[in-house]
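Next comes query-v9.tsv, with TSV, N, CA and C atoms.
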chain	number	residue	atom	x	y	z
A	34	MET	N	8.32	13.29	-15.64
A	34	MET	CA	9.65	13.41	-16.22
A	34	MET	C	9.75	12.64	-17.53
A	35	GLY	N	9.01	11.60	-17.70
A	35	GLY	CA	9.14	10.76	-18.89
A	35	GLY	C	9.93	9.51	-18.57
A	36	ASP	N	10.03	8.63	-19.54
A	36	ASP	CA	10.75	7.37	-19.34
A	36	ASP	C	12.25	7.62	-19.31
A	37	VAL	N	12.91	7.21	-18.23
A	37	VAL	CA	14.36	7.33	-18.12
A	37	VAL	C	14.97	6.11	-18.79
A	38	LEU	N	15.65	6.32	-19.91
A	38	LEU	CA	16.25	5.23	-20.67
A	38	LEU	C	17.61	4.83	-20.12
A	39	ALA	N	18.35	5.82	-19.60
A	39	ALA	CA	19.70	5.55	-19.11
A	39	ALA	C	20.05	6.55	-18.02
A	40	GLU	N	20.99	6.14	-17.18
A	40	GLU	CA	21.51	7.01	-16.13
A	40	GLU	C	23.02	6.85	-16.07
A	41	GLY	N	23.68	7.86	-15.52
A	41	GLY	CA	25.12	7.81	-15.35
A	41	GLY	C	25.57	8.95	-14.47
A	42	TYR	N	26.87	9.22	-14.48
A	42	TYR	CA	27.41	10.33	-13.71
A	42	TYR	C	27.06	11.66	-14.37
A	43	ASN	N	26.58	12.60	-13.59
A	43	ASN	CA	26.37	13.94	-14.08
A	43	ASN	C	27.70	14.69	-13.98
A	44	VAL	N	28.19	15.24	-15.07
A	44	VAL	CA	29.49	15.90	-15.08
A	44	VAL	C	29.44	17.24	-14.36
A	45	PHE	N	28.36	18.00	-14.53
A	45	PHE	CA	28.19	19.26	-13.80
A	45	PHE	C	26.71	19.60	-13.77
A	46	ASN	N	26.30	20.29	-12.72
A	46	ASN	CA	24.90	20.68	-12.58
A	46	ASN	C	24.59	21.80	-13.56
A	47	THR	N	23.49	21.65	-14.27
A	47	THR	CA	23.05	22.69	-15.18
A	47	THR	C	21.54	22.59	-15.36
A	48	ASN	N	20.92	23.72	-15.59
A	48	ASN	CA	19.50	23.73	-15.90
A	48	ASN	C	19.26	23.54	-17.39
A	49	LYS	N	20.34	23.54	-18.19
A	49	LYS	CA	20.18	23.25	-19.61
A	49	LYS	C	19.62	21.84	-19.73
A	50	SER	N	18.68	21.67	-20.61
A	50	SER	CA	18.05	20.36	-20.81
A	50	SER	C	17.95	20.11	-22.31
A	51	PRO	N	19.11	19.85	-22.93
A	51	PRO	CA	19.10	19.71	-24.39
A	51	PRO	C	18.27	18.51	-24.85
A	52	GLU	N	17.61	18.72	-25.98
A	52	GLU	CA	16.81	17.65	-26.57
A	52	GLU	C	17.28	17.44	-28.00
A	53	GLY	N	17.42	16.18	-28.37
A	53	GLY	CA	17.84	15.86	-29.73
A	53	GLY	C	17.83	14.37	-29.96
A	54	VAL	N	18.19	13.98	-31.16
A	54	VAL	CA	18.27	12.57	-31.53
A	54	VAL	C	19.67	12.07	-31.22
A	55	ILE	N	19.75	10.96	-30.52
A	55	ILE	CA	21.06	10.39	-30.18
A	55	ILE	C	21.75	9.91	-31.44
A	56	LYS	N	23.02	10.29	-31.56
A	56	LYS	CA	23.86	9.89	-32.70
A	56	LYS	C	25.10	9.23	-32.13
A	57	TYR	N	25.26	7.93	-32.43
A	57	TYR	CA	26.45	7.21	-31.97
A	57	TYR	C	27.62	7.56	-32.88
A	58	LEU	N	28.71	7.99	-32.28
A	58	LEU	CA	29.92	8.35	-33.00
A	58	LEU	C	31.04	7.41	-32.56
A	59	GLY	N	31.36	6.45	-33.41
A	59	GLY	CA	32.33	5.43	-33.04
A	59	GLY	C	33.75	5.70	-33.51
A	60	ALA	N	33.92	6.69	-34.37
A	60	ALA	CA	35.24	6.95	-34.95
A	60	ALA	C	35.35	8.42	-35.32
A	61	PRO	N	36.59	8.92	-35.46
A	61	PRO	CA	36.77	10.33	-35.85
A	61	PRO	C	36.02	10.70	-37.13
A	62	GLN	N	35.96	9.79	-38.09
A	62	GLN	CA	35.27	10.07	-39.34
A	62	GLN	C	33.79	10.35	-39.11
A	63	ASP	N	33.19	9.71	-38.09
A	63	ASP	CA	31.78	9.96	-37.77
A	63	ASP	C	31.58	11.39	-37.29
A	64	VAL	N	32.52	11.88	-36.49
A	64	VAL	CA	32.44	13.25	-35.98
A	64	VAL	C	32.57	14.24	-37.14
A	65	ILE	N	33.55	14.02	-37.99
A	65	ILE	CA	33.76	14.90	-39.14
A	65	ILE	C	32.51	14.93	-40.03
A	66	GLY	N	31.95	13.75	-40.30
A	66	GLY	CA	30.75	13.67	-41.12
A	66	GLY	C	29.58	14.42	-40.52
A	67	LEU	N	29.40	14.31	-39.21
A	67	LEU	CA	28.30	15.02	-38.55
A	67	LEU	C	28.51	16.53	-38.60
A	68	ILE	N	29.74	16.97	-38.35
A	68	ILE	CA	30.03	18.40	-38.41
A	68	ILE	C	29.78	18.93	-39.83
A	69	GLN	N	30.25	18.19	-40.83
A	69	GLN	CA	30.08	18.62	-42.22
A	69	GLN	C	28.62	18.61	-42.67
A	70	SER	N	27.79	17.79	-42.02
A	70	SER	CA	26.38	17.72	-42.39
A	70	SER	C	25.61	18.99	-42.02
A	71	GLY	N	26.16	19.76	-41.09
A	71	GLY	CA	25.47	20.96	-40.63
A	71	GLY	C	24.38	20.66	-39.62
A	72	LYS	N	24.30	19.43	-39.14
A	72	LYS	CA	23.22	19.03	-38.25
A	72	LYS	C	23.70	18.70	-36.84
A	73	LEU	N	24.87	19.20	-36.46
A	73	LEU	CA	25.44	18.92	-35.14
A	73	LEU	C	24.47	19.30	-34.02
A	74	GLY	N	23.83	20.45	-34.15
A	74	GLY	CA	22.93	20.94	-33.11
A	74	GLY	C	21.64	20.17	-32.95
A	75	GLU	N	21.40	19.19	-33.78
A	75	GLU	CA	20.19	18.38	-33.70
A	75	GLU	C	20.39	17.10	-32.90
A	76	HIS	N	21.64	16.84	-32.48
A	76	HIS	CA	21.97	15.53	-31.92
A	76	HIS	C	22.59	15.60	-30.54
A	77	ILE	N	22.22	14.61	-29.72
A	77	ILE	CA	22.93	14.30	-28.48
A	77	ILE	C	23.96	13.25	-28.89
A	78	LEU	N	25.22	13.50	-28.57
A	78	LEU	CA	26.30	12.65	-29.06
A	78	LEU	C	26.60	11.51	-28.10
A	79	LEU	N	26.63	10.30	-28.61
A	79	LEU	CA	26.93	9.10	-27.83
A	79	LEU	C	28.28	8.56	-28.25
A	80	VAL	N	29.20	8.44	-27.28
A	80	VAL	CA	30.53	7.90	-27.54
A	80	VAL	C	30.88	6.85	-26.50
A	81	ARG	N	31.89	6.08	-26.82
A	81	ARG	CA	32.24	4.96	-25.95
A	81	ARG	C	32.86	5.41	-24.63
A	82	GLY	N	33.82	6.34	-24.66
A	82	GLY	CA	34.52	6.64	-23.42
A	82	GLY	C	34.85	8.08	-23.18
A	83	GLY	N	35.25	8.35	-21.95
A	83	GLY	CA	35.62	9.68	-21.51
A	83	GLY	C	36.95	10.16	-22.05
A	84	THR	N	37.69	9.26	-22.68
A	84	THR	CA	38.96	9.65	-23.28
A	84	THR	C	38.81	9.83	-24.79
A	85	THR	N	37.58	9.95	-25.25
A	85	THR	CA	37.31	10.10	-26.67
A	85	THR	C	37.67	11.51	-27.11
A	86	THR	N	38.95	11.73	-27.36
A	86	THR	CA	39.44	13.07	-27.68
A	86	THR	C	38.95	13.55	-29.04
A	87	PHE	N	38.58	12.64	-29.93
A	87	PHE	CA	38.14	13.07	-31.26
A	87	PHE	C	36.81	13.81	-31.23
A	88	LEU	N	36.17	13.85	-30.08
A	88	LEU	CA	34.90	14.58	-29.97
A	88	LEU	C	35.12	16.08	-29.72
A	89	ALA	N	36.34	16.47	-29.38
A	89	ALA	CA	36.64	17.87	-29.05
A	89	ALA	C	36.18	18.86	-30.12
A	90	PRO	N	36.39	18.61	-31.42
A	90	PRO	CA	35.92	19.58	-32.42
A	90	PRO	C	34.41	19.79	-32.37
A	91	ALA	N	33.66	18.74	-32.08
A	91	ALA	CA	32.20	18.87	-32.00
A	91	ALA	C	31.80	19.74	-30.81
A	92	LEU	N	32.51	19.61	-29.70
A	92	LEU	CA	32.21	20.45	-28.54
A	92	LEU	C	32.49	21.92	-28.85
A	93	SER	N	33.61	22.17	-29.51
A	93	SER	CA	33.97	23.55	-29.81
A	93	SER	C	33.05	24.17	-30.86
A	94	MET	N	32.33	23.33	-31.61
A	94	MET	CA	31.45	23.84	-32.66
A	94	MET	C	29.98	23.83	-32.26
A	95	GLY	N	29.70	23.58	-30.97
A	95	GLY	CA	28.33	23.76	-30.50
A	95	GLY	C	27.52	22.51	-30.23
A	96	ALA	N	28.17	21.38	-29.93
A	96	ALA	CA	27.42	20.18	-29.55
A	96	ALA	C	26.48	20.54	-28.39
A	97	ILE	N	25.28	19.98	-28.40
A	97	ILE	CA	24.30	20.35	-27.38
A	97	ILE	C	24.30	19.42	-26.17
A	98	GLY	N	24.81	18.19	-26.32
A	98	GLY	CA	24.84	17.24	-25.22
A	98	GLY	C	25.65	16.02	-25.57
A	99	VAL	N	26.19	15.36	-24.52
A	99	VAL	CA	27.06	14.20	-24.71
A	99	VAL	C	26.67	13.12	-23.72
A	100	ILE	N	26.74	11.87	-24.20
A	100	ILE	CA	26.58	10.69	-23.35
A	100	ILE	C	27.79	9.81	-23.62
A	101	THR	N	28.44	9.33	-22.54
A	101	THR	CA	29.52	8.36	-22.72
A	101	THR	C	29.12	7.05	-22.06
A	102	MET	N	29.71	5.96	-22.53
A	102	MET	CA	29.42	4.64	-21.98
A	102	MET	C	30.47	4.19	-20.97
A	103	SER	N	31.53	4.96	-20.82
A	103	SER	CA	32.54	4.72	-19.79
A	103	SER	C	33.20	6.05	-19.50
A	104	GLY	N	34.02	6.10	-18.48
A	104	GLY	CA	34.72	7.33	-18.14
A	104	GLY	C	34.10	8.03	-16.94
A	105	ALA	N	34.87	8.96	-16.42
A	105	ALA	CA	34.46	9.69	-15.22
A	105	ALA	C	34.47	11.18	-15.48
A	106	PRO	N	33.74	11.94	-14.66
A	106	PRO	CA	33.71	13.38	-14.84
A	106	PRO	C	35.09	14.05	-14.83
A	107	GLU	N	36.08	13.38	-14.24
A	107	GLU	CA	37.44	13.92	-14.20
A	107	GLU	C	38.22	13.62	-15.48
A	108	SER	N	37.64	12.87	-16.39
A	108	SER	CA	38.32	12.49	-17.63
A	108	SER	C	38.40	13.68	-18.59
A	109	HIS	N	39.16	13.47	-19.66
A	109	HIS	CA	39.36	14.52	-20.66
A	109	HIS	C	38.02	15.07	-21.17
A	110	LEU	N	37.13	14.19	-21.54
A	110	LEU	CA	35.85	14.63	-22.09
A	110	LEU	C	34.99	15.32	-21.03
A	111	GLY	N	35.08	14.86	-19.79
A	111	GLY	CA	34.36	15.53	-18.71
A	111	GLY	C	34.84	16.96	-18.51
A	112	ILE	N	36.14	17.14	-18.53
A	112	ILE	CA	36.73	18.48	-18.37
A	112	ILE	C	36.28	19.38	-19.54
A	113	LEU	N	36.37	18.86	-20.75
A	113	LEU	CA	35.96	19.66	-21.92
A	113	LEU	C	34.48	20.01	-21.88
A	114	SER	N	33.65	19.07	-21.46
A	114	SER	CA	32.21	19.37	-21.43
A	114	SER	C	31.92	20.48	-20.43
A	115	ARG	N	32.64	20.50	-19.31
A	115	ARG	CA	32.45	21.60	-18.35
A	115	ARG	C	32.94	22.92	-18.95
A	116	GLU	N	34.10	22.89	-19.59
A	116	GLU	CA	34.64	24.12	-20.18
A	116	GLU	C	33.70	24.71	-21.23
A	117	PHE	N	33.08	23.83	-22.03
A	117	PHE	CA	32.17	24.31	-23.07
A	117	PHE	C	30.72	24.40	-22.59
A	118	GLN	N	30.50	24.03	-21.30
A	118	GLN	CA	29.16	24.05	-20.71
A	118	GLN	C	28.18	23.21	-21.53
A	119	THR	N	28.66	22.03	-21.94
A	119	THR	CA	27.85	21.07	-22.69
A	119	THR	C	27.38	19.99	-21.73
A	120	PRO	N	26.08	19.87	-21.47
A	120	PRO	CA	25.60	18.83	-20.56
A	120	PRO	C	26.14	17.46	-20.98
A	121	CYS	N	26.56	16.68	-19.98
A	121	CYS	CA	27.21	15.40	-20.27
A	121	CYS	C	26.87	14.38	-19.19
A	122	VAL	N	26.46	13.19	-19.63
A	122	VAL	CA	26.19	12.05	-18.75
A	122	VAL	C	27.24	11.00	-19.07
A	123	MET	N	28.03	10.62	-18.05
A	123	MET	CA	29.14	9.69	-18.29
A	123	MET	C	28.88	8.33	-17.64
A	124	THR	N	29.48	7.31	-18.25
A	124	THR	CA	29.33	5.91	-17.83
A	124	THR	C	27.85	5.57	-17.74
A	125	ALA	N	27.12	5.98	-18.77
A	125	ALA	CA	25.68	5.72	-18.82
A	125	ALA	C	25.42	4.22	-18.94
A	126	TYR	N	24.38	3.79	-18.27
A	126	TYR	CA	23.91	2.41	-18.38
A	126	TYR	C	22.41	2.45	-18.65
A	127	LEU	N	21.93	1.43	-19.32
A	127	LEU	CA	20.51	1.34	-19.62
A	127	LEU	C	19.75	0.97	-18.35
A	128	THR	N	18.69	1.70	-18.05
A	128	THR	CA	17.91	1.40	-16.85
A	128	THR	C	17.17	0.06	-17.00
A	129	SER	N	17.01	-0.41	-18.22
A	129	SER	CA	16.31	-1.68	-18.47
A	129	SER	C	17.25	-2.88	-18.46
A	130	SER	N	18.53	-2.66	-18.18
A	130	SER	CA	19.53	-3.74	-18.25
A	130	SER	C	20.31	-3.83	-16.94
A	131	ASP	N	20.79	-5.03	-16.64
A	131	ASP	CA	21.64	-5.23	-15.47
A	131	ASP	C	23.11	-5.00	-15.78
A	132	SER	N	23.45	-4.82	-17.05
A	132	SER	CA	24.84	-4.65	-17.46
A	132	SER	C	25.37	-3.30	-17.01
A	133	ARG	N	26.53	-3.31	-16.35
A	133	ARG	CA	27.18	-2.09	-15.88
A	133	ARG	C	28.64	-2.13	-16.28
A	134	TYR	N	29.20	-0.95	-16.55
A	134	TYR	CA	30.60	-0.85	-16.91
A	134	TYR	C	31.48	-1.06	-15.68
A	135	VAL	N	32.46	-1.95	-15.82
A	135	VAL	CA	33.46	-2.18	-14.79
A	135	VAL	C	34.82	-2.11	-15.47
A	136	VAL	N	35.68	-1.22	-14.98
A	136	VAL	CA	36.99	-1.01	-15.59
A	136	VAL	C	37.74	-2.34	-15.72
A	137	GLY	N	38.19	-2.62	-16.93
A	137	GLY	CA	38.98	-3.82	-17.20
A	137	GLY	C	38.21	-5.12	-17.27
A	138	GLU	N	36.90	-5.07	-17.04
A	138	GLU	CA	36.11	-6.30	-17.04
A	138	GLU	C	34.97	-6.31	-18.06
A	139	THR	N	34.65	-5.16	-18.61
A	139	THR	CA	33.48	-5.05	-19.48
A	139	THR	C	33.84	-5.37	-20.92
A	140	ASP	N	33.07	-6.28	-21.53
A	140	ASP	CA	33.35	-6.63	-22.94
A	140	ASP	C	32.51	-5.77	-23.88
A	141	ASP	N	32.77	-5.92	-25.15
A	141	ASP	CA	32.13	-5.09	-26.18
A	141	ASP	C	30.61	-5.19	-26.20
A	142	SER	N	30.06	-6.31	-25.76
A	142	SER	CA	28.61	-6.48	-25.82
A	142	SER	C	27.89	-5.43	-24.98
A	143	HIS	N	28.49	-4.98	-23.89
A	143	HIS	CA	27.89	-3.94	-23.06
A	143	HIS	C	27.71	-2.65	-23.87
A	144	PHE	N	28.77	-2.24	-24.56
A	144	PHE	CA	28.74	-1.01	-25.34
A	144	PHE	C	27.81	-1.14	-26.55
A	145	GLU	N	27.84	-2.30	-27.17
A	145	GLU	CA	26.99	-2.55	-28.34
A	145	GLU	C	25.52	-2.48	-27.96
A	146	GLU	N	25.16	-3.02	-26.79
A	146	GLU	CA	23.78	-2.99	-26.33
A	146	GLU	C	23.31	-1.55	-26.13
A	147	ILE	N	24.13	-0.74	-25.50
A	147	ILE	CA	23.75	0.65	-25.26
A	147	ILE	C	23.60	1.40	-26.57
A	148	ALA	N	24.57	1.27	-27.46
A	148	ALA	CA	24.50	1.95	-28.75
A	148	ALA	C	23.26	1.52	-29.53
A	149	ARG	N	22.98	0.23	-29.53
A	149	ARG	CA	21.82	-0.29	-30.26
A	149	ARG	C	20.51	0.26	-29.69
A	150	GLU	N	20.42	0.34	-28.36
A	150	GLU	CA	19.18	0.78	-27.72
A	150	GLU	C	18.96	2.29	-27.79
A	151	LEU	N	20.04	3.07	-27.79
A	151	LEU	CA	19.90	4.52	-27.72
A	151	LEU	C	20.02	5.23	-29.07
A	152	ASP	N	20.84	4.72	-29.96
A	152	ASP	CA	21.09	5.41	-31.23
A	152	ASP	C	19.77	5.63	-31.98
A	153	GLY	N	19.53	6.88	-32.37
A	153	GLY	CA	18.33	7.22	-33.13
A	153	GLY	C	17.13	7.62	-32.30
A	154	LYS	N	17.21	7.48	-30.97
A	154	LYS	CA	16.08	7.87	-30.11
A	154	LYS	C	16.13	9.37	-29.83
A	155	ARG	N	14.96	9.99	-29.78
A	155	ARG	CA	14.86	11.41	-29.43
A	155	ARG	C	14.78	11.48	-27.90
A	156	VAL	N	15.75	12.17	-27.30
A	156	VAL	CA	15.85	12.23	-25.85
A	156	VAL	C	16.11	13.66	-25.37
A	157	ARG	N	16.00	13.78	-24.06
A	157	ARG	CA	16.36	15.01	-23.36
A	157	ARG	C	17.33	14.61	-22.26
A	158	LEU	N	18.40	15.39	-22.08
A	158	LEU	CA	19.32	15.14	-20.99
A	158	LEU	C	18.86	15.94	-19.77
A	159	ASP	N	18.82	15.28	-18.63
A	159	ASP	CA	18.50	15.93	-17.37
A	159	ASP	C	19.74	15.87	-16.49
A	160	CYS	N	20.39	17.01	-16.32
A	160	CYS	CA	21.63	17.11	-15.54
A	160	CYS	C	21.45	18.04	-14.35
A	161	THR	N	20.26	18.01	-13.75
A	161	THR	CA	19.97	18.88	-12.62
A	161	THR	C	20.36	18.26	-11.28
A	162	ASP	N	20.47	16.94	-11.22
A	162	ASP	CA	20.87	16.25	-10.00
A	162	ASP	C	22.39	16.37	-9.84
A	163	HIS	N	22.84	16.56	-8.63
A	163	HIS	CA	24.28	16.74	-8.37
A	163	HIS	C	25.12	15.56	-8.82
A	164	GLU	N	24.60	14.34	-8.68
A	164	GLU	CA	25.39	13.15	-8.99
A	164	GLU	C	24.93	12.38	-10.23
A	165	VAL	N	23.62	12.29	-10.44
A	165	VAL	CA	23.08	11.42	-11.49
A	165	VAL	C	22.59	12.24	-12.68
A	166	GLY	N	23.09	11.88	-13.85
A	166	GLY	CA	22.58	12.44	-15.09
A	166	GLY	C	21.62	11.44	-15.71
A	167	ARG	N	20.56	11.93	-16.33
A	167	ARG	CA	19.55	11.04	-16.87
A	167	ARG	C	19.32	11.31	-18.36
A	168	VAL	N	19.07	10.23	-19.09
A	168	VAL	CA	18.71	10.29	-20.50
A	168	VAL	C	17.23	9.93	-20.55
A	169	VAL	N	16.40	10.93	-20.87
A	169	VAL	CA	14.95	10.78	-20.79
A	169	VAL	C	14.36	10.77	-22.19
A	170	LEU	N	13.50	9.80	-22.46
A	170	LEU	CA	12.81	9.74	-23.74
A	170	LEU	C	11.97	10.99	-23.91
A	171	ALA	N	12.14	11.67	-25.03
A	171	ALA	CA	11.39	12.90	-25.29
A	171	ALA	C	9.99	12.56	-25.76
A	172	ASP	N	9.06	13.41	-25.41
A	172	ASP	CA	7.65	13.19	-25.78
A	172	ASP	C	7.42	13.42	-27.25

The structure given in the file should be rewritten as structure tokens.
Amino acid sequence: MGDVLAEGYNVFNTNKSPEGVIKYLGAPQDVIGLIQSGKLGEHILLVRGGTTTFLAPALSMGAIGVITMSGAPESHLGILSREFQTPCVMTAYLTSSDSRYVVGETDDSHFEEIARELDGKRVRLDCTDHEVGRVVLAD
């Protein structure tokens, strides 16, 4: 399977296994810039949370995969990813770290660590397991 860099909730089962370079999108301007670049289809999108509504235009324009650092499959982004059939791993955590997201208790360092470790890496999303979505380092 390759090295599993991160795991989280699988939003829906799919045999789609998108591969691309992770792009951290921290603000609406980042999404607009990526869409305008014409390179949306080359990236797996990494965002902080499941309520990141500014990602909706990217989903409607053909995003190939999404990773969130918080949120649940029932969240806004989870619902949209199912509607657009975009593979999505939510509340992802690094398999090499003990840090886990806890509602109301997690500080910014958790999110910064994930963004720093994943941004720019070429990965494949594995969303075939009913519960666990995996972020796998691409060969």

Inset, instruction - Could you check how far CA of Leu73 in chain A sits from CA of Arg157 in chain A, in Å to one decimal? - result: 15.4 Å

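Atom pair CA of Phe87 in chain A / CA of Leu113 in chain A: separated by 11.6 Å.
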
Inset, instruction - Rounded to one decimal place, report the atom N of Gln69 in chain A-atom N of Lys56 in chain A distance in Å. - result: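 Taking atom N of Gln69 in chain A as the start and atom N of Lys56 in chain A as the end point, the length is 14.2 Å.
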
Inset, instruction - Counting all atoms listed in the file, figure out which residue out of A:Ser70, A:Thr85, A:Thr47, A:Ser142 gets nearest to Gly111 in chain A. - result: A:Thr85

Inset, instruction - Rank A:Gly83, A:Val122, A:Met94, A:His163 by their smallest atom-to-atom distance to Ser108 in chain A, using only N, CA and C atoms, and report the top residue only. - result: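 Using only N, CA and C atoms, Ser108 in chain A sits closest to A:Gly83.
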
Legend entry - Per-residue DSSP, range 53-167 of chain A, filtered to alpha helix (DSSP H), as JSON, numbers by chain: {"A": [61, 62, 63, 64, 65, 66, 67, 68, 69, 70, 89, 90, 91, 92, 93, 109, 110, 111, 112, 113, 114, 115, 116, 141, 142, 143, 144, 145, 146, 147, 148, 149, 150, 151]}

Legend entry - Surrounding residues of range 127-137 of chain A excluding itself and chain neighbours under 3 positions, 6 Å, all atoms listed in the file, as an MDAnalysis selection string: chainID A and resid 37:40

Inset, instruction - Would you mind listing what lies within 6 Å of Val165 in chain A as a PyMOL selection string, with only C-alpha atoms counted and same-chain residues fewer than 4 positions away left out? - result: chain A and resi 41-43

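Those residues of range 35-85 of chain A that DSSP, working from the backbone, places in strand (DSSP E or B) are Val37, Leu38, Ala39, Glu40, Gly41, Tyr42, Asn43, Glu52, Gly53, Val54, Ile55, Lys56, Tyr57, His76, Ile77, Leu78, Leu79 and Val80 of chain A.
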
Inset, instruction - Could you tell me which of A:Gly71, A:Gly104, A:Gly153, A:Gly35 comes closest to Val54 in chain A if we count only C-alpha atoms? - result: A:Gly153

Legend entry - For Leu92 in chain A, the nearest of the candidates A:Glu107, A:Glu116, A:Glu75, A:Glu52, counting only C-alpha atoms: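 The closest residue to Leu92 in chain A is A:Glu116.
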
Legend entry - Counting only N, CA and C atoms, the option among A:Gly166, A:Leu88, A:Glu146, A:Val156 closest to Pro61 in chain A: A:Leu88

Return the padded bounding box of range 106-114 of chain A as AutoDock Vina command-line options: axis-aligned, built from all atoms listed in the file, 8 Å added on each side, with centre and edge lengths in Å to one decimal.
--center_x 35.6 --center_y 16.2 --center_z -18.1 --size_x 23.4 --size_y 24.5 --size_z 23.9
